[in-house]
Amino acid sequence: MKKLLSLKHSATAFNITFLLLRVVLGTTMCINHGYDKLVHFADRKDRFVDLWGMGSPLTLALVIFAEFFCSIFLVLGLFTRMTVVPLIIAMMYAFFISNNAQLFGKGESAALFLSGFFAILLCGPGRISVDGLIQK
């Protein structure tokens, strides 16, 4: 009980926690969101939202880059802090613009992804990652 109430943590616990966070967030984003957009690119390219006047196909391509390819790099822990930035931008757009910042509605999923990606940006990938192995 005393350990549960303690504010101290070990480096191992931190590294395992961020491995779990990276794998769950990255895999979920890649499979549930990015892969579907990648496979159905031709169907969605004309109907997708036009971000900042770039055109629907380019906006969809950028979202696929973030949700599919950046998520794979996130799971591996490769270039983690750089790879999480496009994911944060995509989730900020999804939460604030697409879902009108409805925290207790349609935007709940985007808000959870956004907070997890932001935590990874601030704390890094942990030692159990390709980045962590490179730094040794």
# chains A, B, ... in the order shown; residues from 1 in each chain; ligands from 1
call {"tool": "residues_around", "arguments": {"residues": "A:Ala11", "least_positions_apart": "5", "cutoff": "10 Å", "atoms": "only C-alpha atoms", "output": "list of chain:residue names"}}
result
A:Ile16, A:Thr17, A:Gly126, A:Arg127
call {"tool": "write_last_selection", "arguments": {"atoms": "N, CA and C atoms", "output": "short mmCIF file (atom, residue, chain, number, x, y, z; two decimals), in the first residue's frame"}}
result
data_model
loop_
_atom_site.label_atom_id
_atom_site.label_comp_id
_atom_site.auth_asym_id
_atom_site.auth_seq_id
_atom_site.Cartn_x
_atom_site.Cartn_y
_atom_site.Cartn_z
N ILE A 16 9.07 1.23 -19.19
CA ILE A 16 8.01 0.28 -19.55
C ILE A 16 6.70 1.02 -19.80
N THR A 17 6.43 2.05 -19.01
CA THR A 17 5.21 2.84 -19.19
C THR A 17 5.19 3.52 -20.54
N GLY A 126 11.55 6.91 -24.01
CA GLY A 126 12.05 5.96 -23.03
C GLY A 126 13.21 5.17 -23.62
N ARG A 127 13.88 4.40 -22.80
CA ARG A 127 15.06 3.64 -23.24
C ARG A 127 14.70 2.42 -24.09
#
call {"tool": "closest_atom_pairs", "arguments": {"of": "stretch 23-117 of chain A", "to": "stretch 129-135 of chain A", "cutoff": "7 Å", "atoms": "only C-alpha atoms", "output": "JSON lines"}}
result
{"residue": "A:Leu76", "atom": "CA", "partner": "A:Ser129", "partner_atom": "CA", "distance": 6.1}
{"residue": "A:Gly77", "atom": "CA", "partner": "A:Ser129", "partner_atom": "CA", "distance": 4.5}
{"residue": "A:Leu78", "atom": "CA", "partner": "A:Val130", "partner_atom": "CA", "distance": 5.3}
{"residue": "A:Phe79", "atom": "CA", "partner": "A:Asp131", "partner_atom": "CA", "distance": 6.5}
call {"tool": "closest_residue", "arguments": {"among": "A:Leu20, A:Lys2, A:Tyr93, A:Leu103", "to": "A:Trp52", "atoms": "only C-alpha atoms"}}
result
A:Tyr93
call {"tool": "atom_distance", "arguments": {"atom1": "atom CA of A:Leu121", "atom2": "atom CA of A:Leu7"}}
result
21.9 Å
call {"tool": "residues_around", "arguments": {"residues": "A:Ile31", "least_positions_apart": "3", "cutoff": "10 Å", "atoms": "only C-alpha atoms", "output": "number ranges by chain"}}
result
A: 26-28, 34-37, 67-68, 71-72
